[in-house]
>>> print(open('coords.pdb').read())   # PDB, C-alpha atoms
MODEL        1
ATOM      1  CA  MET A   1     -11.323 -18.160 -22.097
ATOM      2  CA  SER A   2     -12.447 -14.960 -23.727
ATOM      3  CA  VAL A   3     -12.080 -11.827 -21.629
ATOM      4  CA  SER A   4     -15.656 -10.945 -22.614
ATOM      5  CA  LEU A   5     -16.869 -13.916 -20.537
ATOM      6  CA  LEU A   6     -15.338 -12.500 -17.361
ATOM      7  CA  CYS A   7     -17.414 -10.671 -14.770
ATOM      8  CA  GLY A   8     -18.064  -7.049 -15.792
ATOM      9  CA  ASN A   9     -15.521  -4.471 -16.956
ATOM     10  CA  ALA A  10     -14.377  -6.590 -19.902
ATOM     11  CA  ASP A  11     -12.512  -3.609 -21.340
ATOM     12  CA  LYS A  12     -10.500  -3.188 -18.130
ATOM     13  CA  TYR A  13      -9.629  -6.890 -18.022
ATOM     14  CA  GLU A  14      -8.647  -6.785 -21.690
ATOM     15  CA  ARG A  15      -6.244  -3.930 -20.858
ATOM     16  CA  ILE A  16      -4.815  -5.968 -17.971
ATOM     17  CA  LYS A  17      -4.396  -9.000 -20.254
ATOM     18  CA  LYS A  18      -2.621  -6.858 -22.877
ATOM     19  CA  TRP A  19      -0.353  -5.408 -20.192
ATOM     20  CA  ILE A  20       0.534  -8.900 -18.921
ATOM     21  CA  LEU A  21       1.222 -10.056 -22.492
ATOM     22  CA  SER A  22       3.465  -7.044 -23.120
ATOM     23  CA  GLN A  23       5.447  -7.939 -19.991
ATOM     24  CA  LEU A  24       5.732 -11.564 -21.133
ATOM     25  CA  ASN A  25       6.822 -10.571 -24.635
ATOM     26  CA  ASP A  26       9.504  -8.196 -23.356
ATOM     27  CA  LYS A  27      12.598 -10.374 -23.711
ATOM     28  CA  THR A  28      14.891  -8.213 -21.599
ATOM     29  CA  ASP A  29      16.077  -9.735 -18.338
ATOM     30  CA  LYS A  30      13.097  -8.768 -16.204
ATOM     31  CA  LYS A  31      13.553  -8.192 -12.534
ATOM     32  CA  LEU A  32      10.736  -7.440 -10.124
ATOM     33  CA  SER A  33      10.387  -3.661 -10.074
ATOM     34  CA  LEU A  34       7.990  -0.757 -10.187
ATOM     35  CA  ASN A  35       8.176  -1.007 -13.998
ATOM     36  CA  ASN A  36       6.448  -4.400 -14.093
ATOM     37  CA  PHE A  37       3.968  -4.001 -11.278
ATOM     38  CA  ILE A  38       0.253  -3.290 -11.682
ATOM     39  CA  PHE A  39      -2.083  -2.269  -8.894
ATOM     40  CA  VAL A  40      -5.751  -3.224  -9.385
ATOM     41  CA  THR A  41      -8.302  -1.675  -7.064
ATOM     42  CA  GLY A  42     -12.053  -1.834  -6.693
ATOM     43  CA  SER A  43     -14.843  -2.663  -4.319
ATOM     44  CA  SER A  44     -14.702  -5.926  -2.416
ATOM     45  CA  GLY A  45     -16.374  -8.930  -4.003
ATOM     46  CA  ILE A  46     -16.607  -7.681  -7.597
ATOM     47  CA  GLY A  47     -14.400 -10.397  -9.071
ATOM     48  CA  LYS A  48     -10.985  -8.737  -9.436
ATOM     49  CA  THR A  49      -9.009 -11.691  -8.095
ATOM     50  CA  HIS A  50     -11.108 -14.328  -9.849
ATOM     51  CA  ASN A  51     -10.881 -12.562 -13.200
ATOM     52  CA  ILE A  52      -7.158 -11.935 -13.021
ATOM     53  CA  LYS A  53      -6.571 -15.575 -12.017
ATOM     54  CA  GLU A  54      -8.641 -16.633 -15.055
ATOM     55  CA  ILE A  55      -6.520 -14.427 -17.316
ATOM     56  CA  CYS A  56      -3.359 -15.972 -15.830
ATOM     57  CA  ASN A  57      -4.718 -19.499 -16.324
ATOM     58  CA  THR A  58      -5.555 -18.670 -19.940
ATOM     59  CA  LEU A  59      -1.991 -17.431 -20.440
ATOM     60  CA  ASN A  60      -0.608 -20.575 -18.728
ATOM     61  CA  LEU A  61       1.172 -18.600 -16.021
ATOM     62  CA  TYR A  62       2.295 -20.006 -12.695
ATOM     63  CA  VAL A  63       0.384 -17.903 -10.138
ATOM     64  CA  ILE A  64       2.012 -17.094  -6.823
ATOM     65  CA  TYR A  65      -0.831 -15.915  -4.638
ATOM     66  CA  ILE A  66      -0.108 -13.773  -1.591
ATOM     67  CA  SER A  67      -2.883 -12.782   0.812
ATOM     68  CA  THR A  68      -3.593 -12.525   4.515
ATOM     69  CA  HIS A  69      -3.890 -16.322   4.530
ATOM     70  CA  ASN A  70      -0.162 -16.787   3.901
ATOM     71  CA  CYS A  71       1.318 -13.377   4.701
ATOM     72  CA  GLY A  72       0.744 -11.259   7.770
ATOM     73  CA  SER A  73       3.973  -9.327   8.218
ATOM     74  CA  SER A  74       6.704  -7.515   6.359
ATOM     75  CA  ASP A  75       9.137 -10.339   7.073
ATOM     76  CA  GLU A  76       6.751 -12.902   5.587
ATOM     77  CA  LEU A  77       6.170 -10.716   2.510
ATOM     78  CA  ARG A  78       9.908 -10.331   1.962
ATOM     79  CA  ASP A  79      10.395 -14.095   2.378
ATOM     80  CA  ILE A  80       7.581 -15.053  -0.019
ATOM     81  CA  MET A  81       8.651 -12.499  -2.634
ATOM     82  CA  THR A  82      12.291 -13.619  -2.466
ATOM     83  CA  LYS A  83      11.336 -17.275  -2.853
ATOM     84  CA  SER A  84       8.889 -16.408  -5.636
ATOM     85  CA  ILE A  85      11.374 -14.643  -7.864
ATOM     86  CA  THR A  86      14.032 -17.320  -7.666
ATOM     87  CA  SER A  87      13.880 -20.615  -9.519
ATOM     88  CA  SER A  88      13.675 -23.676  -7.371
ATOM     89  CA  MET A  89      15.866 -26.712  -7.908
ATOM     90  CA  ILE A  90      12.739 -28.713  -8.769
ATOM     91  CA  GLN A  91      11.878 -26.252 -11.558
ATOM     92  CA  VAL A  92      15.373 -26.535 -12.964
ATOM     93  CA  LEU A  93      15.432 -30.342 -12.775
ATOM     94  CA  THR A  94      11.986 -30.757 -14.319
ATOM     95  CA  ASN A  95      12.580 -28.069 -16.934
ATOM     96  CA  ASP A  96       9.469 -26.225 -15.730
ATOM     97  CA  THR A  97       9.643 -23.012 -17.716
ATOM     98  CA  LYS A  98       6.226 -21.585 -16.851
ATOM     99  CA  GLN A  99       6.472 -17.872 -16.344
ATOM    100  CA  LYS A 100       5.435 -16.639 -12.926
ATOM    101  CA  ILE A 101       3.083 -13.916 -11.873
ATOM    102  CA  ILE A 102       2.655 -12.711  -8.312
ATOM    103  CA  ILE A 103      -0.809 -11.696  -7.167
ATOM    104  CA  ILE A 104      -1.051  -9.830  -3.880
ATOM    105  CA  ASP A 105      -4.652  -9.829  -2.698
ATOM    106  CA  GLU A 106      -6.240  -8.062   0.261
ATOM    107  CA  PHE A 107      -3.276  -5.713   0.585
ATOM    108  CA  GLU A 108      -5.317  -3.253   2.646
ATOM    109  CA  SER A 109      -5.967  -6.039   5.170
ATOM    110  CA  MET A 110      -2.246  -6.802   5.303
ATOM    111  CA  MET A 111      -1.591  -3.131   6.060
ATOM    112  CA  ALA A 112      -4.084  -3.294   8.920
ATOM    113  CA  ILE A 113      -2.041  -6.157  10.406
ATOM    114  CA  ASP A 114       1.420  -4.688   9.702
ATOM    115  CA  LYS A 115       1.632  -0.932   9.167
ATOM    116  CA  THR A 116       5.079  -1.247   7.548
ATOM    117  CA  ILE A 117       4.164  -3.783   4.868
ATOM    118  CA  ASN A 118       3.591  -1.073   2.250
ATOM    119  CA  THR A 119       7.098   0.324   2.691
ATOM    120  CA  THR A 120       8.478  -3.221   2.609
ATOM    121  CA  LEU A 121       6.780  -3.868  -0.746
ATOM    122  CA  LEU A 122       8.057  -0.553  -2.080
ATOM    123  CA  SER A 123      11.609  -1.386  -0.992
ATOM    124  CA  ILE A 124      11.393  -4.824  -2.642
ATOM    125  CA  LEU A 125      10.210  -3.239  -5.884
ATOM    126  CA  SER A 126      12.696  -0.370  -5.706
ATOM    127  CA  ILE A 127      15.847  -2.386  -5.025
ATOM    128  CA  SER A 128      15.225  -4.858  -7.832
ATOM    129  CA  PRO A 129      16.830  -3.451 -10.983
ATOM    130  CA  SER A 130      14.596  -3.355 -14.046
TER
ENDMDL
END
>>> encode(input="coords.pdb", output="structure tokens")
Amino acid sequence: MSVSLLCGNADKYERIKKWILSQLNDKTDKKLSLNNFIFVTGSSGIGKTHNIKEICNTLNLYVIYISTHNCGSSDELRDIMTKSITSSMIQVLTNDTKQKIIIIDEFESMMAIDKTINTTLLSILSISPS
């Protein structure tokens, strides 16, 4: 799918796609950190999540989607993030080498539920060496 076919702000989505590609092409041992984290903001309902998921599908990435539907506390965020960044036995056995991307959606809603979730995310990103 061409980025120009995505909803509005094609130039912004092209920049996001290029950033994702640069992260994928960086062959150093990547760990989850502030160096490989992008924060996308904008008004509700303008297509941010849909468009980024489309970019990820185009790039054949395994999307790990975190939102208020599966995460409502700092403990749950830490658990999901830990499980997301480790390879499962099934992936190893099936030789599934798809690269992963984590999308955290509705983060402001998560913060309304758990006021410490932002510091939890920062600690997860800070303790992981880049």
>>> resolve_selection(input="coords.pdb", expression="the PyMOL selection byres ((chain A and resi 32-49) around 12)", output="ChimeraX atom specification")
/A:6-10,12-13,15-17,19-24,26,28-31,50-56,63,65-67,81-82,84-86,100-109,121-130
>>> closest_residue(input="coords.pdb", among="A:Asp96, A:Ile117, A:Asn25, A:Asn60", to="Ser73 (chain A)", atoms="only C-alpha atoms")
A:Ile117
>>> atom_distance(input="coords.pdb", atom1="CA of Asn95 (chain A)", atom2="CA of Cys71 (chain A)")
28.5 Å
>>> atom_distance(input="coords.pdb", atom1="CA of Thr120 (chain A)", atom2="CA of Leu61 (chain A)")
25.2 Å
>>> atom_distance(input="coords.pdb", atom1="CA of Lys27 (chain A)", atom2="CA of Thr119 (chain A)")
29.0 Å
>>> residues_around(input="coords.pdb", residues="Asn118 (chain A)", least_positions_apart="6", cutoff="9 Å", atoms="all atoms listed in the file", output="list of chain:residue names")
A:Ser74, A:Phe107, A:Met110, A:Met111
